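J.: Coordinates in entry00.cif, mmCIF, C-alpha atoms, are listed below.
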```cif
data_input
#
loop_
_atom_site.group_PDB
_atom_site.id
_atom_site.type_symbol
_atom_site.label_atom_id
_atom_site.label_comp_id
_atom_site.auth_asym_id
_atom_site.auth_seq_id
_atom_site.Cartn_x
_atom_site.Cartn_y
_atom_site.Cartn_z
ATOM 1 C CA MET I 1 -20.755 -42.933 91.136
ATOM 2 C CA HIS I 2 -18.108 -42.345 88.425
ATOM 3 C CA SER I 3 -15.361 -43.605 90.747
ATOM 4 C CA ILE I 4 -17.395 -46.733 91.424
ATOM 5 C CA VAL I 5 -17.829 -47.355 87.694
ATOM 6 C CA ARG I 6 -14.090 -46.961 87.081
ATOM 7 C CA TRP I 7 -13.299 -49.321 89.942
ATOM 8 C CA LEU I 8 -15.790 -51.901 88.684
ATOM 9 C CA ALA I 9 -14.374 -51.691 85.166
ATOM 10 C CA ALA I 10 -10.836 -52.254 86.449
ATOM 11 C CA ALA I 11 -11.930 -55.190 88.580
ATOM 12 C CA LEU I 12 -13.842 -56.669 85.660
ATOM 13 C CA LEU I 13 -10.779 -56.501 83.407
ATOM 14 C CA ALA I 14 -8.680 -58.212 86.066
ATOM 15 C CA LEU I 15 -11.184 -61.032 86.390
ATOM 16 C CA ALA I 16 -11.540 -61.403 82.631
ATOM 17 C CA GLY I 17 -7.835 -62.147 82.433
ATOM 18 C CA HIS I 18 -8.032 -64.988 84.924
ATOM 19 C CA SER I 19 -7.209 -68.097 82.877
ATOM 20 C CA ALA I 20 -9.185 -70.357 85.199
ATOM 21 C CA VAL I 21 -12.451 -68.737 84.138
ATOM 22 C CA ALA I 22 -11.943 -69.784 80.546
ATOM 23 C CA GLN I 23 -11.200 -73.383 81.526
ATOM 24 C CA THR I 24 -14.589 -74.209 82.997
ATOM 25 C CA THR I 25 -17.598 -75.236 80.916
ATOM 26 C CA TRP I 26 -19.928 -74.318 83.760
ATOM 27 C CA PRO I 27 -22.857 -73.841 83.474
ATOM 28 C CA ASP I 28 -24.116 -76.503 81.111
ATOM 29 C CA LYS I 29 -27.492 -76.852 82.846
ATOM 30 C CA PRO I 30 -29.837 -74.505 84.775
ATOM 31 C CA VAL I 31 -28.449 -72.759 87.858
ATOM 32 C CA ARG I 32 -30.558 -72.270 90.977
ATOM 33 C CA LEU I 33 -30.251 -68.946 92.824
ATOM 34 C CA VAL I 34 -31.745 -69.360 96.292
ATOM 35 C CA VAL I 35 -33.420 -66.300 97.840
ATOM 36 C CA GLY I 36 -34.379 -66.521 101.500
ATOM 37 C CA PHE I 37 -37.521 -64.389 101.239
ATOM 38 C CA THR I 38 -40.859 -64.428 99.440
ATOM 39 C CA ALA I 39 -41.503 -63.022 95.985
ATOM 40 C CA GLY I 40 -41.755 -59.233 95.962
ATOM 41 C CA SER I 41 -39.410 -58.673 98.899
ATOM 42 C CA ALA I 42 -36.343 -56.466 98.437
ATOM 43 C CA THR I 43 -34.107 -59.543 98.531
ATOM 44 C CA ASP I 44 -36.247 -61.248 95.909
ATOM 45 C CA VAL I 45 -36.459 -58.220 93.602
ATOM 46 C CA THR I 46 -32.709 -57.628 93.605
ATOM 47 C CA GLY I 47 -31.963 -61.324 93.281
ATOM 48 C CA ARG I 48 -34.185 -61.594 90.222
ATOM 49 C CA MET I 49 -32.385 -58.654 88.594
ATOM 50 C CA PHE I 50 -29.107 -60.525 88.841
ATOM 51 C CA ALA I 51 -30.609 -63.894 87.908
ATOM 52 C CA GLN I 52 -31.931 -62.474 84.647
ATOM 53 C CA LYS I 53 -28.605 -60.905 83.743
ATOM 54 C CA PHE I 54 -26.699 -64.044 84.725
ATOM 55 C CA GLY I 55 -28.941 -66.102 82.470
ATOM 56 C CA GLU I 56 -28.280 -63.762 79.561
ATOM 57 C CA ALA I 57 -24.520 -63.816 80.160
ATOM 58 C CA TRP I 58 -24.277 -67.592 80.509
ATOM 59 C CA SER I 59 -26.917 -68.540 77.890
ATOM 60 C CA GLN I 60 -28.406 -70.755 80.542
ATOM 61 C CA SER I 61 -31.505 -70.561 82.753
ATOM 62 C CA VAL I 62 -30.946 -69.103 86.225
ATOM 63 C CA ILE I 63 -33.949 -70.028 88.342
ATOM 64 C CA VAL I 64 -34.829 -68.042 91.459
ATOM 65 C CA ASP I 65 -35.770 -70.418 94.273
ATOM 66 C CA ASN I 66 -37.678 -68.621 97.050
ATOM 67 C CA VAL I 67 -36.938 -70.540 100.255
ATOM 68 C CA SER I 68 -38.397 -68.207 102.841
ATOM 69 C CA GLY I 69 -38.537 -68.347 106.609
ATOM 70 C CA ASN I 70 -36.590 -67.402 109.740
ATOM 71 C CA SER I 71 -35.313 -64.089 108.333
ATOM 72 C CA GLY I 72 -33.719 -65.851 105.373
ATOM 73 C CA ALA I 73 -31.881 -68.493 107.405
ATOM 74 C CA ILE I 74 -33.825 -71.455 105.985
ATOM 75 C CA GLY I 75 -32.659 -70.589 102.489
ATOM 76 C CA VAL I 76 -29.087 -70.045 103.654
ATOM 77 C CA ASP I 77 -29.089 -73.448 105.322
ATOM 78 C CA LYS I 78 -30.332 -75.087 102.132
ATOM 79 C CA VAL I 79 -27.376 -73.673 100.228
ATOM 80 C CA ALA I 80 -24.918 -74.649 102.968
ATOM 81 C CA LYS I 81 -25.998 -78.282 102.521
ATOM 82 C CA ALA I 82 -26.146 -78.240 98.700
ATOM 83 C CA GLN I 83 -23.660 -79.918 96.368
ATOM 84 C CA PRO I 84 -20.665 -77.598 95.772
ATOM 85 C CA ASP I 85 -20.902 -77.865 91.994
ATOM 86 C CA GLY I 86 -21.906 -74.290 91.181
ATOM 87 C CA TYR I 87 -25.500 -75.141 90.367
ATOM 88 C CA THR I 88 -26.825 -73.860 93.685
ATOM 89 C CA LEU I 89 -25.950 -70.284 94.616
ATOM 90 C CA MET I 90 -27.237 -67.967 97.354
ATOM 91 C CA TRP I 91 -28.467 -64.392 97.135
ATOM 92 C CA SER I 92 -28.379 -63.496 100.821
ATOM 93 C CA GLY I 93 -29.330 -60.443 102.803
ATOM 94 C CA ASN I 94 -26.976 -59.640 105.656
ATOM 95 C CA ALA I 95 -29.420 -60.192 108.543
ATOM 96 C CA ALA I 96 -29.370 -63.997 108.284
ATOM 97 C CA ILE I 97 -25.573 -64.207 108.285
ATOM 98 C CA THR I 98 -24.529 -61.343 110.581
ATOM 99 C CA ILE I 99 -27.394 -60.640 113.031
ATOM 100 C CA LEU I 100 -29.296 -63.906 113.393
ATOM 101 C CA PRO I 101 -26.252 -65.861 114.654
ATOM 102 C CA SER I 102 -26.469 -63.857 117.900
ATOM 103 C CA LEU I 103 -30.220 -64.384 118.300
ATOM 104 C CA GLN I 104 -30.412 -68.154 117.922
ATOM 105 C CA THR I 105 -28.423 -71.297 117.274
ATOM 106 C CA LEU I 106 -28.195 -71.796 113.518
ATOM 107 C CA PRO I 107 -27.536 -75.063 111.638
ATOM 108 C CA PHE I 108 -24.823 -73.386 109.546
ATOM 109 C CA ASP I 109 -21.710 -71.292 110.101
ATOM 110 C CA PRO I 110 -21.729 -68.083 107.992
ATOM 111 C CA LEU I 111 -17.937 -68.092 107.791
ATOM 112 C CA LYS I 112 -17.030 -71.771 107.499
ATOM 113 C CA ASP I 113 -19.844 -73.296 105.438
ATOM 114 C CA PHE I 114 -19.689 -71.031 102.369
ATOM 115 C CA GLU I 115 -17.562 -69.690 99.599
ATOM 116 C CA HIS I 116 -18.040 -65.930 99.723
ATOM 117 C CA ILE I 117 -18.255 -64.630 96.164
ATOM 118 C CA SER I 118 -19.076 -60.927 96.452
ATOM 119 C CA THR I 119 -21.212 -58.328 98.153
ATOM 120 C CA ALA I 120 -23.099 -56.847 95.226
ATOM 121 C CA LEU I 121 -25.375 -54.109 96.601
ATOM 122 C CA SER I 122 -25.892 -52.076 99.734
ATOM 123 C CA THR I 123 -28.670 -49.803 100.892
ATOM 124 C CA ALA I 124 -28.914 -47.422 103.811
ATOM 125 C CA SER I 125 -31.929 -47.041 106.039
ATOM 126 C CA ILE I 126 -33.496 -43.712 106.947
ATOM 127 C CA VAL I 127 -34.361 -42.536 110.443
ATOM 128 C CA PHE I 128 -37.592 -40.572 109.994
ATOM 129 C CA VAL I 129 -40.376 -39.123 112.121
ATOM 130 C CA ASN I 130 -44.017 -38.129 112.017
ATOM 131 C CA ASN I 131 -44.456 -34.528 110.846
ATOM 132 C CA GLU I 132 -46.321 -33.558 114.016
ATOM 133 C CA LEU I 133 -43.441 -34.575 116.274
ATOM 134 C CA PRO I 134 -41.518 -31.396 117.290
ATOM 135 C CA VAL I 135 -38.308 -32.830 115.880
ATOM 136 C CA LYS I 136 -36.471 -31.474 112.838
ATOM 137 C CA SER I 137 -33.050 -33.071 113.245
ATOM 138 C CA LEU I 138 -31.360 -36.074 114.813
ATOM 139 C CA ALA I 139 -30.134 -33.831 117.640
ATOM 140 C CA ASP I 140 -33.751 -32.775 118.224
ATOM 141 C CA LEU I 141 -34.808 -36.424 118.386
ATOM 142 C CA VAL I 142 -32.174 -37.236 120.983
ATOM 143 C CA ALA I 143 -33.077 -34.157 123.038
ATOM 144 C CA TYR I 144 -36.795 -34.980 122.830
ATOM 145 C CA ALA I 145 -36.204 -38.572 123.916
ATOM 146 C CA LYS I 146 -34.185 -37.414 126.904
ATOM 147 C CA ALA I 147 -36.792 -34.822 127.887
ATOM 148 C CA ASN I 148 -39.681 -37.284 127.441
ATOM 149 C CA PRO I 149 -38.482 -40.631 128.801
ATOM 150 C CA GLY I 150 -40.717 -43.544 127.911
ATOM 151 C CA LYS I 151 -42.748 -41.621 125.338
ATOM 152 C CA LEU I 152 -40.973 -42.506 122.082
ATOM 153 C CA SER I 153 -41.196 -45.696 120.080
ATOM 154 C CA TYR I 154 -39.757 -46.609 116.701
ATOM 155 C CA GLY I 155 -40.942 -49.078 114.107
ATOM 156 C CA SER I 156 -38.772 -51.424 112.057
ATOM 157 C CA PRO I 157 -39.470 -54.236 109.574
ATOM 158 C CA GLY I 158 -39.083 -56.780 112.375
ATOM 159 C CA VAL I 159 -36.979 -58.240 115.174
ATOM 160 C CA GLY I 160 -33.378 -58.811 114.178
ATOM 161 C CA THR I 161 -33.537 -56.768 110.987
ATOM 162 C CA PRO I 162 -30.757 -54.294 110.146
ATOM 163 C CA GLN I 163 -33.201 -51.487 110.931
ATOM 164 C CA HIS I 164 -33.973 -52.914 114.378
ATOM 165 C CA VAL I 165 -30.338 -53.189 115.421
ATOM 166 C CA ALA I 166 -29.652 -49.763 113.889
ATOM 167 C CA GLY I 167 -32.245 -48.287 116.220
ATOM 168 C CA GLU I 168 -30.803 -50.053 119.246
ATOM 169 C CA LEU I 169 -27.267 -48.991 118.336
ATOM 170 C CA LEU I 170 -28.425 -45.386 118.003
ATOM 171 C CA CYS I 171 -30.188 -45.539 121.366
ATOM 172 C CA ARG I 172 -27.074 -46.930 123.031
ATOM 173 C CA LEU I 173 -24.721 -44.356 121.548
ATOM 174 C CA ALA I 174 -27.081 -41.434 122.197
ATOM 175 C CA GLY I 175 -27.962 -42.538 125.710
ATOM 176 C CA ILE I 176 -31.701 -42.660 125.033
ATOM 177 C CA LYS I 177 -34.468 -45.227 125.149
ATOM 178 C CA MET I 178 -37.110 -45.823 122.479
ATOM 179 C CA GLU I 179 -39.461 -48.790 122.543
ATOM 180 C CA HIS I 180 -39.064 -51.042 119.514
ATOM 181 C CA ILE I 181 -42.258 -51.848 117.580
ATOM 182 C CA PRO I 182 -41.653 -54.726 115.133
ATOM 183 C CA TYR I 183 -43.658 -54.860 111.918
ATOM 184 C CA ARG I 184 -43.764 -57.387 109.135
ATOM 185 C CA GLY I 185 -42.299 -55.123 106.505
ATOM 186 C CA ALA I 186 -42.708 -51.370 106.118
ATOM 187 C CA ASN I 187 -44.283 -49.202 108.814
ATOM 188 C CA LEU I 188 -44.572 -45.950 106.861
ATOM 189 C CA SER I 189 -48.331 -45.551 107.168
ATOM 190 C CA ASP I 190 -48.237 -45.820 110.955
ATOM 191 C CA VAL I 191 -45.501 -43.188 111.186
ATOM 192 C CA MET I 192 -47.460 -40.889 108.883
ATOM 193 C CA SER I 193 -50.550 -41.263 111.056
ATOM 194 C CA GLY I 194 -48.613 -40.922 114.295
ATOM 195 C CA VAL I 195 -49.363 -44.417 115.638
ATOM 196 C CA VAL I 196 -45.590 -44.816 115.913
ATOM 197 C CA PRO I 197 -43.705 -41.493 115.980
ATOM 198 C CA VAL I 198 -40.343 -42.748 114.662
ATOM 199 C CA GLY I 199 -39.460 -45.169 111.898
ATOM 200 C CA ILE I 200 -36.308 -46.785 110.552
ATOM 201 C CA GLN I 201 -36.796 -48.268 107.111
ATOM 202 C CA ASN I 202 -34.731 -48.876 103.995
ATOM 203 C CA SER I 203 -34.122 -45.794 101.891
ATOM 204 C CA GLY I 204 -35.682 -47.173 98.709
ATOM 205 C CA SER I 205 -39.158 -47.417 100.220
ATOM 206 C CA THR I 206 -38.839 -44.367 102.483
ATOM 207 C CA MET I 207 -37.287 -41.742 100.227
ATOM 208 C CA PRO I 208 -40.454 -41.064 98.147
ATOM 209 C CA PHE I 209 -42.322 -40.279 101.385
ATOM 210 C CA VAL I 210 -39.513 -37.998 102.557
ATOM 211 C CA ARG I 211 -39.446 -36.148 99.232
ATOM 212 C CA ASP I 212 -43.223 -35.691 99.286
ATOM 213 C CA GLY I 213 -43.115 -34.358 102.839
ATOM 214 C CA ARG I 214 -45.319 -37.135 104.210
ATOM 215 C CA VAL I 215 -42.639 -37.951 106.800
ATOM 216 C CA ARG I 216 -39.561 -36.027 107.934
ATOM 217 C CA GLY I 217 -36.232 -37.670 107.165
ATOM 218 C CA LEU I 218 -33.518 -37.091 109.763
ATOM 219 C CA ALA I 219 -30.514 -39.226 108.869
ATOM 220 C CA LEU I 220 -29.117 -42.131 106.885
ATOM 221 C CA THR I 221 -27.582 -45.167 108.568
ATOM 222 C CA SER I 222 -24.727 -45.557 106.051
ATOM 223 C CA LEU I 223 -21.219 -44.177 106.499
ATOM 224 C CA LYS I 224 -21.555 -42.046 103.368
ATOM 225 C CA ARG I 225 -24.434 -40.047 101.960
ATOM 226 C CA ALA I 226 -26.530 -41.808 99.337
ATOM 227 C CA SER I 227 -26.339 -40.714 95.712
ATOM 228 C CA ALA I 228 -30.150 -40.715 95.609
ATOM 229 C CA ALA I 229 -30.366 -38.430 98.663
ATOM 230 C CA PRO I 230 -27.287 -36.190 98.724
ATOM 231 C CA ASP I 231 -28.923 -33.632 101.045
ATOM 232 C CA LEU I 232 -29.739 -36.135 103.773
ATOM 233 C CA PRO I 233 -26.919 -36.374 106.355
ATOM 234 C CA THR I 234 -25.676 -39.593 107.902
ATOM 235 C CA VAL I 235 -25.888 -40.532 111.562
ATOM 236 C CA ALA I 236 -22.086 -40.751 111.503
ATOM 237 C CA GLU I 237 -21.626 -37.127 110.494
ATOM 238 C CA LEU I 238 -24.183 -35.914 113.042
ATOM 239 C CA GLY I 239 -22.068 -36.739 116.057
ATOM 240 C CA TYR I 240 -21.758 -40.531 116.003
ATOM 241 C CA PRO I 241 -18.520 -41.291 114.103
ATOM 242 C CA GLY I 242 -18.333 -44.743 112.576
ATOM 243 C CA PHE I 243 -22.067 -45.410 112.871
ATOM 244 C CA GLU I 244 -23.049 -47.835 110.131
ATOM 245 C CA ALA I 245 -26.066 -50.123 109.879
ATOM 246 C CA THR I 246 -26.911 -50.941 106.291
ATOM 247 C CA SER I 247 -28.669 -53.730 104.458
ATOM 248 C CA TRP I 248 -26.575 -55.526 101.867
ATOM 249 C CA PHE I 249 -26.887 -58.427 99.471
ATOM 250 C CA ALA I 250 -24.155 -60.987 98.907
ATOM 251 C CA LEU I 251 -23.545 -63.908 96.580
ATOM 252 C CA LEU I 252 -22.547 -67.117 98.352
ATOM 253 C CA ALA I 253 -21.915 -70.710 97.298
ATOM 254 C CA PRO I 254 -21.560 -73.987 99.219
ATOM 255 C CA LYS I 255 -18.116 -74.577 100.691
ATOM 256 C CA GLY I 256 -15.889 -76.352 98.196
ATOM 257 C CA THR I 257 -17.366 -74.824 95.037
ATOM 258 C CA PRO I 258 -14.484 -74.619 92.511
ATOM 259 C CA GLN I 259 -12.705 -71.275 92.319
ATOM 260 C CA PRO I 260 -13.109 -70.899 88.515
ATOM 261 C CA ILE I 261 -16.895 -70.982 89.000
ATOM 262 C CA LEU I 262 -16.741 -68.426 91.811
ATOM 263 C CA ASP I 263 -14.638 -66.175 89.585
ATOM 264 C CA LYS I 264 -17.108 -66.504 86.741
ATOM 265 C CA VAL I 265 -20.063 -65.607 88.993
ATOM 266 C CA ARG I 266 -18.290 -62.552 90.364
ATOM 267 C CA ALA I 267 -17.246 -61.449 86.863
ATOM 268 C CA ALA I 268 -20.898 -61.627 85.780
ATOM 269 C CA SER I 269 -22.017 -59.681 88.844
ATOM 270 C CA LEU I 270 -19.499 -56.922 88.116
ATOM 271 C CA LYS I 271 -20.887 -56.645 84.588
ATOM 272 C CA VAL I 272 -24.366 -56.158 86.059
ATOM 273 C CA LEU I 273 -23.089 -53.444 88.386
ATOM 274 C CA ALA I 274 -21.291 -51.668 85.537
ATOM 275 C CA ASP I 275 -24.369 -51.672 83.254
ATOM 276 C CA PRO I 276 -25.729 -48.080 83.032
ATOM 277 C CA GLU I 277 -29.310 -49.312 82.674
ATOM 278 C CA MET I 278 -28.965 -51.443 85.789
ATOM 279 C CA GLN I 279 -27.297 -48.582 87.668
ATOM 280 C CA ALA I 280 -30.356 -46.437 86.997
ATOM 281 C CA LYS I 281 -32.621 -49.170 88.335
ATOM 282 C CA PHE I 282 -30.490 -49.595 91.441
ATOM 283 C CA ALA I 283 -30.458 -45.855 92.090
ATOM 284 C CA ALA I 284 -34.250 -45.733 91.843
ATOM 285 C CA LEU I 285 -34.421 -48.353 94.592
ATOM 286 C CA GLY I 286 -31.881 -46.579 96.801
ATOM 287 C CA LEU I 287 -29.235 -49.232 96.129
ATOM 288 C CA GLU I 288 -25.499 -48.583 95.901
ATOM 289 C CA PRO I 289 -23.159 -50.880 93.897
ATOM 290 C CA VAL I 290 -20.450 -52.574 95.965
ATOM 291 C CA GLY I 291 -18.770 -55.352 93.974
ATOM 292 C CA SER I 292 -16.453 -56.535 96.745
ATOM 293 C CA THR I 293 -14.145 -59.533 96.569
ATOM 294 C CA GLY I 294 -15.016 -62.754 98.312
ATOM 295 C CA ALA I 295 -12.365 -62.068 100.936
ATOM 296 C CA GLU I 296 -13.844 -58.632 101.613
ATOM 297 C CA THR I 297 -17.314 -60.122 101.997
ATOM 298 C CA LYS I 298 -16.053 -62.724 104.448
ATOM 299 C CA ALA I 299 -14.205 -60.034 106.415
ATOM 300 C CA ALA I 300 -17.374 -57.919 106.604
ATOM 301 C CA ILE I 301 -19.345 -60.864 107.982
ATOM 302 C CA ALA I 302 -16.595 -61.619 110.502
ATOM 303 C CA ALA I 303 -16.623 -58.001 111.693
ATOM 304 C CA ASP I 304 -20.396 -57.594 111.816
ATOM 305 C CA ILE I 305 -21.208 -60.722 113.835
ATOM 306 C CA PRO I 306 -19.508 -59.521 117.060
ATOM 307 C CA LYS I 307 -20.617 -55.938 116.411
ATOM 308 C CA TRP I 308 -24.296 -56.894 116.366
ATOM 309 C CA ALA I 309 -23.820 -59.483 119.122
ATOM 310 C CA LYS I 310 -22.809 -56.628 121.429
ATOM 311 C CA VAL I 311 -25.841 -54.551 120.468
ATOM 312 C CA ILE I 312 -28.186 -57.527 120.885
ATOM 313 C CA GLN I 313 -26.719 -58.338 124.285
ATOM 314 C CA ASP I 314 -26.851 -54.740 125.543
ATOM 315 C CA ALA I 315 -30.417 -54.223 124.322
ATOM 316 C CA HIS I 316 -31.575 -57.637 125.598
ATOM 317 C CA ILE I 317 -33.068 -58.457 122.187
ATOM 318 C CA LYS I 318 -34.871 -61.787 122.053
ATOM 319 C CA PRO I 319 -35.876 -63.763 118.949
ATOM 320 C CA ALA I 320 -39.330 -63.093 117.543
ATOM 321 C CA ASN I 321 -41.965 -65.637 118.609
#
```
Since I need it in another form, could you write the structure as structure tokens?

T.:
Amino acid sequence: MHSIVRWLAAALLALAGHSAVAQTTWPDKPVRLVVGFTAGSATDVTGRMFAQKFGEAWSQSVIVDNVSGNSGAIGVDKVAKAQPDGYTLMWSGNAAITILPSLQTLPFDPLKDFEHISTALSTASIVFVNNELPVKSLADLVAYAKANPGKLSYGSPGVGTPQHVAGELLCRLAGIKMEHIPYRGANLSDVMSGVVPVGIQNSGSTMPFVRDGRVRGLALTSLKRASAAPDLPTVAELGYPGFEATSWFALLAPKGTPQPILDKVRAASLKVLADPEMQAKFAALGLEPVGSTGAETKAAIAADIPKWAKVIQDAHIKPAN
């Protein structure tokens, strides 16, 4: 965490020296931050954290606009078609811009129709199991699935979510088959009761259940261990090098938004990430600060689209009805 703070501080100083930032009077009226999910969702909660801090930094109202539907894509499309004046910004989860393009034809291009400001936060998911399942490690899960073909299923927050494709990627790499059970949100209670023996859910909602022993955590889907769960290994270190399937949140703007405005938004986001009080809140939710550049965010999208397209094709995933 200390290395992240130092990096953020250095990046913030570099941005502060950018003369273009000082030249713009933006914003001189309220800014709309579009969130593609309903109030109370993880995307909404994190978006509101940043909206509040942006408003304080800019002495201007930053209004969260919940435009939900189609895994966030309706909100993303609204921003793609908005005026590029800096008064409409997007707080986007990665599913709508990296996974959904391979599930359906979208009215926007995630790479061409946006200015990519920064990826702010990332969170791993946890692969976990019911306590009665005779599985105490990821290797045990793979062995059990191979010895009991057709008997295992796993729950995720829904079709086309990062957790869904994480499960399918794991199945492909491990050479196993588990039936996917899509939920609308968390499926922790059904894993606890044994209705579904395996779950893949974001770490913020799952970790309290793992700590309390209500479910058994096996592995994280991030490349590195999470600061909030240092004892929980990653899938990558358990025999699947390079395995990564996280959820992340990025700031986007309509294509053509002036660079000084983009710089100012990213500078404000880095201040949020460097705030010790905010870091504590993020850690409690299982969130890791990222603070990438716009170019890095665009590169991540460009890499993830074909990655998940391959998984979707191999697993024969179809859009939810």

J.: Since I can't run it myself right now, could you work out what the PyMOL selection byres ((chain I and resi 44-46) around 9) selects here and report it as a PyMOL selection string?

T.: chain I and resi 35-43+47-51+64+66+91+121+249+282

J.: Give me, please, the distance in Å between CA of Trp308 in chain I and CA of Ala143 in chain I, quoted to one decimal.

T.: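 Computed distance, CA of Trp308 in chain I to CA of Ala143 in chain I, equals 25.3 Å.
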
J.: Let me make sure I understand: among I:Val34, I:Val76, I:Ala253, I:Ala96, which one has the smallest atom-to-atom distance to Ile305 in chain I if we use only C-alpha atoms?

T.: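 Nearest candidate to Ile305 in chain I out of I:Val34, I:Val76, I:Ala253, I:Ala96: I:Ala96.
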
J.: Pull out every residue that the PyMOL selection byres ((chain I and resi 182) around 8) matches in the shown coordinates and put them as a list in words.

T.: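 Written out, the selection comes to Gly155, Ser156, Pro157, Gly158, Val159, His164, His180, Ile181, Tyr183 and Arg184 of chain I.
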
J.: Output C-alpha atoms for every residue in the selection just made, as an mmCIF file, in the coordinates of the input.

T.:
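So the final result, stored in result-v8.cif, reads:
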```
data_model
loop_
_atom_site.group_PDB
_atom_site.id
_atom_site.type_symbol
_atom_site.label_atom_id
_atom_site.label_comp_id
_atom_site.auth_asym_id
_atom_site.auth_seq_id
_atom_site.Cartn_x
_atom_site.Cartn_y
_atom_site.Cartn_z
ATOM 1 C CA GLY I 155 -40.942 -49.078 114.107
ATOM 2 C CA SER I 156 -38.772 -51.424 112.057
ATOM 3 C CA PRO I 157 -39.470 -54.236 109.574
ATOM 4 C CA GLY I 158 -39.083 -56.780 112.375
ATOM 5 C CA VAL I 159 -36.979 -58.240 115.174
ATOM 6 C CA HIS I 164 -33.973 -52.914 114.378
ATOM 7 C CA HIS I 180 -39.064 -51.042 119.514
ATOM 8 C CA ILE I 181 -42.258 -51.848 117.580
ATOM 9 C CA TYR I 183 -43.658 -54.860 111.918
ATOM 10 C CA ARG I 184 -43.764 -57.387 109.135
#
```

J.: Let me make sure I understand: among I:Leu111, I:Leu133, I:Val142, I:Ile317, which one has the smallest atom-to-atom distance to Met192 in chain I if we use only C-alpha atoms?

T.: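 Ranked by minimum distance to Met192 in chain I, first place goes to I:Leu133.
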
J.: With only C-alpha atoms as the basis for distance, which of I:Val311, I:Leu273, I:Val265, I:Leu232 is at the shortest distance from Trp26 in chain I?

T.: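 Between I:Val311, I:Leu273, I:Val265, I:Leu232, the residue approaching Trp26 in chain I most closely is I:Val265.
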
J.: Specify the axis-aligned box that encloses all atoms of range 132-143 of chain I listed in the file after padding of 4 Å on each side, stating its centre and edge lengths in Å to one decimal as lines of an AutoDock Vina configuration file.

T.:
```
center_x = -38.2
center_y = -34.3
center_z = 117.9
size_x = 24.2
size_y = 13.8
size_z = 18.2
```

J.: Excluding Ile99 in chain I and residues on its chain fewer than 4 positions from it, collect all residues at most 10 Å away from it, counting all atoms listed in the file, and give them as a PyMOL selection string.

T.: chain I and resi 71+94-95+103-104+160-162+165+301+304-309+311-312
